[in-house]
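Participant: Got model.cif for you, mmCIF, C-alpha atoms:
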```
data_upload
#
loop_
_atom_site.label_atom_id
_atom_site.label_comp_id
_atom_site.auth_asym_id
_atom_site.auth_seq_id
_atom_site.Cartn_x
_atom_site.Cartn_y
_atom_site.Cartn_z
CA MET A 1 68.24 57.40 28.67
CA THR A 2 65.92 54.54 27.71
CA GLU A 3 66.47 51.35 29.69
CA THR A 4 67.93 48.55 27.61
CA PRO A 5 65.35 45.77 27.08
CA LYS A 6 66.03 42.08 27.49
CA THR A 7 67.20 40.25 24.38
CA ALA A 8 65.80 37.19 22.62
CA LEU A 9 67.56 35.31 19.83
CA THR A 10 65.75 33.52 17.01
CA ILE A 11 67.65 30.89 15.04
CA ALA A 12 65.35 30.33 12.09
CA GLY A 13 64.53 30.73 8.42
CA SER A 14 63.17 33.73 6.58
CA ASP A 15 59.61 33.91 5.21
CA SER A 16 59.44 36.14 2.13
CA GLY A 17 55.72 36.62 2.79
CA GLY A 18 56.44 38.05 6.24
CA GLY A 19 53.90 35.94 8.12
CA ALA A 20 56.06 33.23 9.68
CA GLY A 21 59.72 32.44 10.32
CA ILE A 22 62.17 35.03 11.49
CA GLN A 23 59.81 37.84 10.49
CA ALA A 24 57.06 36.55 12.80
CA ASP A 25 59.61 36.04 15.56
CA LEU A 26 60.89 39.61 15.37
CA ARG A 27 57.50 41.25 15.37
CA THR A 28 56.44 39.06 18.30
CA PHE A 29 59.58 39.96 20.24
CA PHE A 30 58.85 43.63 19.61
CA ALA A 31 55.22 43.28 20.66
CA CYS A 32 56.30 41.52 23.86
CA GLY A 33 58.86 44.18 24.71
CA VAL A 34 62.19 42.46 24.06
CA HIS A 35 64.97 43.23 21.59
CA GLY A 36 65.20 40.63 18.83
CA LEU A 37 68.49 39.10 17.68
CA THR A 38 68.71 36.81 14.66
CA ALA A 39 70.70 33.94 13.24
CA LEU A 40 69.35 33.20 9.77
CA THR A 41 69.40 29.51 8.79
CA ALA A 42 67.59 29.49 5.43
CA VAL A 43 65.88 31.73 2.91
CA THR A 44 62.48 30.48 1.79
CA VAL A 45 60.58 31.43 -1.34
CA GLN A 46 56.99 31.52 -0.13
CA ASN A 47 53.74 33.42 -0.12
CA SER A 48 50.24 32.89 1.23
CA VAL A 49 49.72 29.88 -1.05
CA GLY A 50 52.79 27.85 -0.11
CA VAL A 51 56.55 27.35 -0.05
CA HIS A 52 58.09 27.26 -3.51
CA GLY A 53 61.66 26.52 -2.46
CA PHE A 54 64.37 27.27 0.07
CA THR A 55 68.13 27.69 0.27
CA GLU A 56 70.14 26.89 3.39
CA ILE A 57 72.68 29.26 4.88
CA PRO A 58 76.12 27.60 5.33
CA ALA A 59 76.38 26.05 8.80
CA ASP A 60 79.52 28.00 9.72
CA VAL A 61 77.71 31.25 8.95
CA VAL A 62 74.81 30.19 11.19
CA ALA A 63 77.28 29.49 14.00
CA ALA A 64 79.06 32.80 13.48
CA GLN A 65 75.79 34.75 13.75
CA ILE A 66 74.99 33.12 17.10
CA GLU A 67 78.49 33.60 18.49
CA THR A 68 78.73 37.21 17.34
CA VAL A 69 75.53 38.50 18.91
CA ALA A 70 75.87 36.39 22.07
CA GLY A 71 79.41 37.56 22.64
CA ASP A 72 78.63 41.25 22.27
CA MET A 73 74.98 41.89 23.15
CA GLY A 74 74.19 38.92 25.33
CA VAL A 75 71.18 36.63 25.01
CA ASN A 76 68.49 36.32 27.69
CA ALA A 77 66.54 33.56 25.89
CA ALA A 78 66.72 31.83 22.52
CA LYS A 79 64.51 29.83 20.20
CA THR A 80 64.82 27.76 17.05
CA GLY A 81 62.56 27.58 14.04
CA MET A 82 63.37 26.16 10.63
CA LEU A 83 66.82 24.53 10.72
CA ALA A 84 66.55 22.60 7.43
CA THR A 85 69.46 20.11 7.65
CA ALA A 86 71.16 17.75 10.09
CA GLU A 87 74.40 19.69 9.62
CA ILE A 88 72.79 22.98 10.65
CA ILE A 89 71.09 21.30 13.62
CA ALA A 90 74.36 19.77 14.86
CA THR A 91 76.12 23.11 14.40
CA VAL A 92 73.41 24.98 16.30
CA ALA A 93 73.58 22.43 19.13
CA ALA A 94 77.35 22.79 19.46
CA THR A 95 77.20 26.58 19.25
CA VAL A 96 74.47 27.08 21.85
CA ASP A 97 76.50 24.86 24.19
CA ALA A 98 79.54 27.08 23.62
CA VAL A 99 77.69 30.32 24.42
CA GLY A 100 75.72 29.03 27.43
CA ILE A 101 72.27 28.52 25.92
CA GLY A 102 70.10 25.51 26.73
CA ARG A 103 68.84 23.21 29.46
CA GLY A 104 71.15 23.26 32.46
CA ARG A 105 72.77 26.49 31.30
CA ARG A 106 72.01 30.10 32.13
CA VAL A 107 69.94 30.95 29.03
CA PRO A 108 66.53 29.26 28.37
CA PHE A 109 66.18 27.54 25.01
CA VAL A 110 62.85 27.05 23.21
CA VAL A 111 62.87 24.42 20.47
CA ASP A 112 60.09 24.79 17.91
CA PRO A 113 60.68 21.64 15.81
CA VAL A 114 59.54 23.09 12.49
CA ALA A 115 59.27 20.23 9.98
CA ALA A 116 56.73 21.46 7.43
CA SER A 117 54.74 24.54 6.56
CA MET A 118 51.04 24.72 7.33
CA HIS A 119 50.45 23.89 3.65
CA GLY A 120 52.36 20.61 4.10
CA ASP A 121 55.47 21.79 2.25
CA PRO A 122 58.60 20.21 3.79
CA LEU A 123 60.97 22.60 5.56
CA LEU A 124 63.35 19.93 6.80
CA ARG A 125 65.65 17.56 4.99
CA GLU A 126 64.78 13.90 5.64
CA GLU A 127 67.86 13.15 7.76
CA ALA A 128 67.25 16.12 10.05
CA LEU A 129 64.43 14.58 12.13
CA GLU A 130 66.82 12.28 13.96
CA ALA A 131 69.14 15.21 14.58
CA ILE A 132 66.25 17.08 16.23
CA ARG A 133 65.63 14.10 18.50
CA THR A 134 69.25 13.59 19.50
CA GLU A 135 70.81 17.06 19.25
CA LEU A 136 68.10 19.61 20.02
CA LEU A 137 65.52 18.03 22.31
CA PRO A 138 68.01 17.12 25.07
CA ARG A 139 69.08 20.79 25.15
CA ALA A 140 65.57 22.26 25.21
CA THR A 141 64.12 24.12 28.14
CA VAL A 142 60.77 23.69 26.40
CA VAL A 143 59.83 22.09 23.08
CA THR A 144 56.67 23.27 21.29
CA PRO A 145 55.50 20.76 18.64
CA ASN A 146 52.15 20.76 16.89
CA LEU A 147 50.44 17.41 16.39
CA ASP A 148 51.96 16.83 12.95
CA GLU A 149 55.43 17.35 14.43
CA VAL A 150 54.55 15.04 17.34
CA ARG A 151 53.73 12.31 14.84
CA LEU A 152 56.97 12.83 12.88
CA LEU A 153 59.12 12.82 16.03
CA THR A 154 57.43 10.03 18.02
CA GLY A 155 55.22 8.07 15.63
CA ILE A 156 52.20 8.87 17.83
CA SER A 157 49.10 10.17 16.05
CA VAL A 158 47.05 12.21 18.50
CA THR A 159 43.37 12.09 17.60
CA GLU A 160 41.85 13.21 20.90
CA GLU A 161 42.89 15.34 23.86
CA ALA A 162 43.73 12.31 26.01
CA GLY A 163 46.46 11.38 23.54
CA GLN A 164 48.35 14.59 24.26
CA ARG A 165 49.60 13.15 27.57
CA GLU A 166 51.00 10.08 25.85
CA ALA A 167 52.69 12.30 23.30
CA ALA A 168 54.20 14.51 26.01
CA GLU A 169 55.59 11.47 27.83
CA ALA A 170 57.15 10.16 24.62
CA LEU A 171 58.76 13.51 23.85
CA LEU A 172 60.10 13.88 27.41
CA GLU A 173 62.06 10.65 26.87
CA PHE A 174 64.23 12.56 24.38
CA GLY A 175 65.42 14.83 27.19
CA PRO A 176 63.73 18.26 27.13
CA GLN A 177 62.89 19.86 30.47
CA TRP A 178 59.32 20.73 29.44
CA VAL A 179 57.06 19.74 26.55
CA LEU A 180 54.18 21.82 25.20
CA VAL A 181 51.95 19.66 22.98
CA LYS A 182 49.80 22.09 21.03
CA GLY A 183 46.23 21.13 20.25
CA GLY A 184 45.43 23.54 17.46
CA HIS A 185 45.53 20.81 14.80
CA LEU A 186 43.15 18.51 16.71
CA ALA A 187 40.34 18.02 14.20
CA GLY A 188 36.81 18.06 15.51
CA SER A 189 37.59 19.58 18.90
CA THR A 190 35.58 22.61 19.93
CA ARG A 191 38.35 23.64 22.33
CA CYS A 192 41.98 24.52 21.68
CA VAL A 193 43.87 22.83 24.51
CA ASP A 194 47.66 22.89 24.80
CA LEU A 195 49.23 20.49 27.28
CA LEU A 196 52.38 21.47 29.19
CA SER A 197 54.32 18.82 31.11
CA ASP A 198 57.70 18.22 32.71
CA GLY A 199 56.80 14.65 33.64
CA THR A 200 55.66 15.63 37.13
CA HIS A 201 53.56 18.73 36.63
CA VAL A 202 50.90 18.65 33.91
CA VAL A 203 48.98 21.79 32.97
CA GLU A 204 46.15 22.00 30.45
CA LEU A 205 45.90 25.44 28.88
CA GLU A 206 42.47 25.80 27.38
CA GLY A 207 41.66 28.45 24.82
CA ARG A 208 38.98 29.45 22.40
CA ARG A 209 39.02 28.00 18.88
CA TYR A 210 38.45 30.80 16.38
CA ASP A 211 36.65 30.23 13.11
CA THR A 212 39.30 31.63 10.78
CA PRO A 213 41.53 30.11 8.10
CA HIS A 214 44.16 32.80 8.64
CA THR A 215 46.63 31.19 11.04
CA HIS A 216 49.91 31.47 9.14
CA GLY A 217 52.82 31.88 11.55
CA GLY A 218 50.81 30.83 14.59
CA GLY A 219 53.31 28.27 15.85
CA ASP A 220 56.25 30.61 15.37
CA THR A 221 54.40 33.39 17.15
CA LEU A 222 53.54 31.24 20.17
CA ALA A 223 57.11 29.97 20.52
CA SER A 224 58.43 33.52 20.18
CA ALA A 225 56.05 34.87 22.81
CA VAL A 226 57.13 32.12 25.21
CA THR A 227 60.77 32.95 24.48
CA ALA A 228 60.20 36.66 25.08
CA HIS A 229 58.66 36.02 28.48
CA LEU A 230 61.46 33.63 29.43
CA ALA A 231 63.90 36.40 28.47
CA LYS A 232 62.14 38.63 30.98
CA GLY A 233 62.85 36.10 33.72
CA LEU A 234 59.56 34.22 34.01
CA GLY A 235 59.47 30.49 34.68
CA VAL A 236 58.25 28.10 32.01
CA PRO A 237 54.61 27.68 33.19
CA ASP A 238 54.07 31.44 33.45
CA ALA A 239 55.86 32.15 30.16
CA VAL A 240 53.79 29.53 28.35
CA SER A 241 50.54 30.80 29.89
CA LEU A 242 51.26 34.35 28.72
CA GLY A 243 52.36 33.04 25.33
CA LYS A 244 49.07 31.21 25.00
CA ARG A 245 47.11 34.38 25.77
CA PHE A 246 49.20 36.31 23.26
CA ILE A 247 48.67 33.89 20.36
CA GLU A 248 44.94 33.64 21.08
CA ARG A 249 44.59 37.37 20.57
CA CYS A 250 46.81 37.24 17.47
CA VAL A 251 44.57 34.57 15.93
CA ALA A 252 41.49 36.59 16.81
CA GLU A 253 43.01 39.59 15.02
CA SER A 254 44.39 37.66 12.00
CA TYR A 255 43.75 39.07 8.55
CA PRO A 256 43.53 37.90 4.92
CA LEU A 257 46.55 38.59 2.73
CA GLY A 258 47.14 37.26 -0.75
CA GLN A 259 45.23 34.39 -2.31
CA GLY A 260 45.86 31.82 0.42
CA VAL A 261 46.27 31.81 4.20
CA GLY A 262 46.79 35.13 5.94
CA PRO A 263 48.94 35.68 9.04
CA VAL A 264 48.12 35.91 12.71
CA SER A 265 48.53 39.50 13.86
CA PRO A 266 50.18 41.22 16.83
CA PHE A 267 48.94 44.64 15.67
CA TRP A 268 46.48 44.64 18.57
CA ARG A 269 49.40 45.53 20.83
CA LEU A 270 49.69 48.94 19.18
CA ALA A 271 47.86 51.94 20.53
CA PRO A 272 44.57 52.66 18.69
CA ASP A 273 45.88 55.85 17.13
CA SER A 274 49.38 54.58 16.32
CA LEU A 275 48.48 53.54 12.77
CA ALA A 276 46.96 56.89 11.90
CA PRO A 277 48.64 58.75 9.00
#
```
Kindly transcribe the structure held in the file into structure tokens.
Facilitator:
Amino acid sequence: MTETPKTALTIAGSDSGGGAGIQADLRTFFACGVHGLTALTAVTVQNSVGVHGFTEIPADVVAAQIETVAGDMGVNAAKTGMLATAEIIATVAATVDAVGIGRGRRVPFVVDPVAASMHGDPLLREEALEAIRTELLPRATVVTPNLDEVRLLTGISVTEEAGQREAAEALLEFGPQWVLVKGGHLAGSTRCVDLLSDGTHVVELEGRRYDTPHTHGGGDTLASAVTAHLAKGLGVPDAVSLGKRFIERCVAESYPLGQGVGPVSPFWRLAPDSLAP
């Protein structure tokens, strides 16, 4: 009999183009060797060019999805993605408390504070930013904002690597255990440095910056890889380090799809002959 893998839960929106959102989370979980569970929060209408609209799932249905899988299958780690509204955020916060997910509880909780698509299309109702600050960040084992999300949450515009420390300190004041300030959006930098901090320990994770426009789903994929490794029992620094290595390879192997921005790719994890007809 095959050994049952660890489980990871994604609480996020759907991407009809398959490159980001819950679709990216599930294929990352699979590639990292954990079983993916889902709680769908919204259905987006999007492709490689942009997001053309989205519809939220009722908050009670979001809660029921979390409760149902946690109660039966168990959750070894969980993450959030697109949550869309303050009501959904508050519901998710209350529900993860009830099932033992989050900082100070038995199950690690990764908060990816998705506020807009890479094209700049909003994925969050205006009132939801404050709910992220007050409801989600205090419950986070690790929060994984890009620099645009840092600015929206803290008002700090990071324009150089030194500013990542200031941003991390500001985010830690909202209560997460760890903060990962991603440097992928740092214009003009020849390096891609992500800064991980818990207020005492600060780690700079340096990576190569690839010359490709095809980075759709990169943030979701990194957060999912971190979640998968937390589900396997690793501590935050090790899980983030492995997640960083995973997303670097996914960016290196990204591919064009459609008329806009193509997705990062975990296909490199497959055996060379596994795609043969």
Participant: Evaluating the PyMOL selection byres ((chain A and resi 20) around 8) on the displayed file yields which residues, as a list in words?
Facilitator: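 This file gives the following for the PyMOL selection byres ((chain A and resi 20) around 8): Ser14, Asp15, Gly17, Gly18, Gly19, Gly21, Ile22, Gln23, Ala24, Asp25, His216, Gly217, Gly218, Asp220, Thr221 and Pro263 of chain A.
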Participant: One decimal, in Å: what's the spacing between atom CA of Val99 of chain A and atom CA of Arg133 of chain A?
Facilitator: 21.1 Å
Participant: Quick one: which residues end up in the PyMOL selection byres ((chain A and resi 265-268) around 10) for this structure, as a PyMOL selection string?
Facilitator: chain A and resi 19+24+27-28+30-32+214-218+221+246-255+262-264+269-272+274-275
Participant: Of the candidates A:Ala70, A:Ala162, A:Ala228, A:Leu83, which shows the shortest atom-to-atom distance to Val43 of chain A, using only C-alpha atoms?
Facilitator: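 Among the listed residues, the smallest separation from Val43 of chain A belongs to A:Leu83.
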Participant: Please measure the separation of atom CA of Glu160 of chain A and atom CA of Tyr210 of chain A, giving the value in Å to one decimal.
Facilitator: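 It comes out at 18.5 Å.
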Participant: What would the list of residues within 6 Å of (58.4, 19.9, 26.9) (file frame) look like as a list in words, if all atoms listed in the file are what count?
Facilitator: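 Protein, DNA and RNA residues close to (58.4, 19.9, 26.9): Val142, Val143, Pro176, Gln177, Trp178, Val179, Leu180 and Ser197 of chain A.
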Participant: Can you write just those residues out, C-alpha atoms, as a short mmCIF file (atom, residue, chain, number, x, y, z; two decimals), keeping the file's coordinate frame?
Facilitator:
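The file below, result05.cif, is the result:
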```cif
data_model
loop_
_atom_site.label_atom_id
_atom_site.label_comp_id
_atom_site.auth_asym_id
_atom_site.auth_seq_id
_atom_site.Cartn_x
_atom_site.Cartn_y
_atom_site.Cartn_z
CA VAL A 142 60.77 23.69 26.40
CA VAL A 143 59.83 22.09 23.08
CA PRO A 176 63.73 18.26 27.13
CA GLN A 177 62.89 19.86 30.47
CA TRP A 178 59.32 20.73 29.44
CA VAL A 179 57.06 19.74 26.55
CA LEU A 180 54.18 21.82 25.20
CA SER A 197 54.32 18.82 31.11
#
```
Participant: Which residue gives the smallest distance to Ile156 of chain A among A:Ala170, A:Thr144, A:Glu67, A:Val75, with only C-alpha atoms counted?
Facilitator: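 Using only C-alpha atoms, the shortest distance to Ile156 of chain A belongs to A:Ala170.
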Participant: Between atom CA of Arg209 of chain A and atom CA of Leu137 of chain A, what is the spacing in Å?
Facilitator: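 Separation of atom CA of Leu137 of chain A and atom CA of Arg209 of chain A: 28.5 Å.
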Participant: Run through the PyMOL selection byres ((chain A and resi 73) around 12) on the given coordinates and return the selected residues as a list of chain:residue names.
Facilitator: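 Listing what the PyMOL selection byres ((chain A and resi 73) around 12) selects in the shown file: A:Thr4, A:Pro5, A:Lys6, A:Thr7, A:Ala8, A:Leu9, A:His35, A:Gly36, A:Leu37, A:Thr38, A:Gln65, A:Ile66, A:Glu67, A:Thr68, A:Val69, A:Ala70, A:Gly71, A:Asp72, A:Gly74, A:Val75, A:Asn76, A:Val99.
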Participant: Write out, as a compact mmCIF listing (two decimals), keeping the file's coordinate frame, the residues just selected, with C-alpha atoms.
Facilitator:
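Okay, part_9.txt is ready:
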```
# COMPACT_ATOMS: atom_id res chain seq x y z
CA THR A 4 67.93 48.55 27.61
CA PRO A 5 65.35 45.77 27.08
CA LYS A 6 66.03 42.08 27.49
CA THR A 7 67.20 40.25 24.38
CA ALA A 8 65.80 37.19 22.62
CA LEU A 9 67.56 35.31 19.83
CA HIS A 35 64.97 43.23 21.59
CA GLY A 36 65.20 40.63 18.83
CA LEU A 37 68.49 39.10 17.68
CA THR A 38 68.71 36.81 14.66
CA GLN A 65 75.79 34.75 13.75
CA ILE A 66 74.99 33.12 17.10
CA GLU A 67 78.49 33.60 18.49
CA THR A 68 78.73 37.21 17.34
CA VAL A 69 75.53 38.50 18.91
CA ALA A 70 75.87 36.39 22.07
CA GLY A 71 79.41 37.56 22.64
CA ASP A 72 78.63 41.25 22.27
CA GLY A 74 74.19 38.92 25.33
CA VAL A 75 71.18 36.63 25.01
CA ASN A 76 68.49 36.32 27.69
CA VAL A 99 77.69 30.32 24.42
```
Participant: Around segment 77-84 of chain A, fit a box with edges along x, y and z, padding it by 3 Å on each side, then list its centre and edge lengths in Å to one decimal as AutoDock Vina command-line options.
Facilitator:
```
--center_x 64.7 --center_y 28.1 --center_z 16.7 --size_x 10.3 --size_y 17.0 --size_z 24.5
```
Participant: Counting all atoms listed in the file, which residues sit no farther than 6 Å from the position (60.7, 25.9, 0.4) in the file's frame? I'd like them as a list in words.
Facilitator: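 Answer for this query, in the requested form: Thr44, Val45, Val51, His52, Gly53 and Phe54 of chain A.
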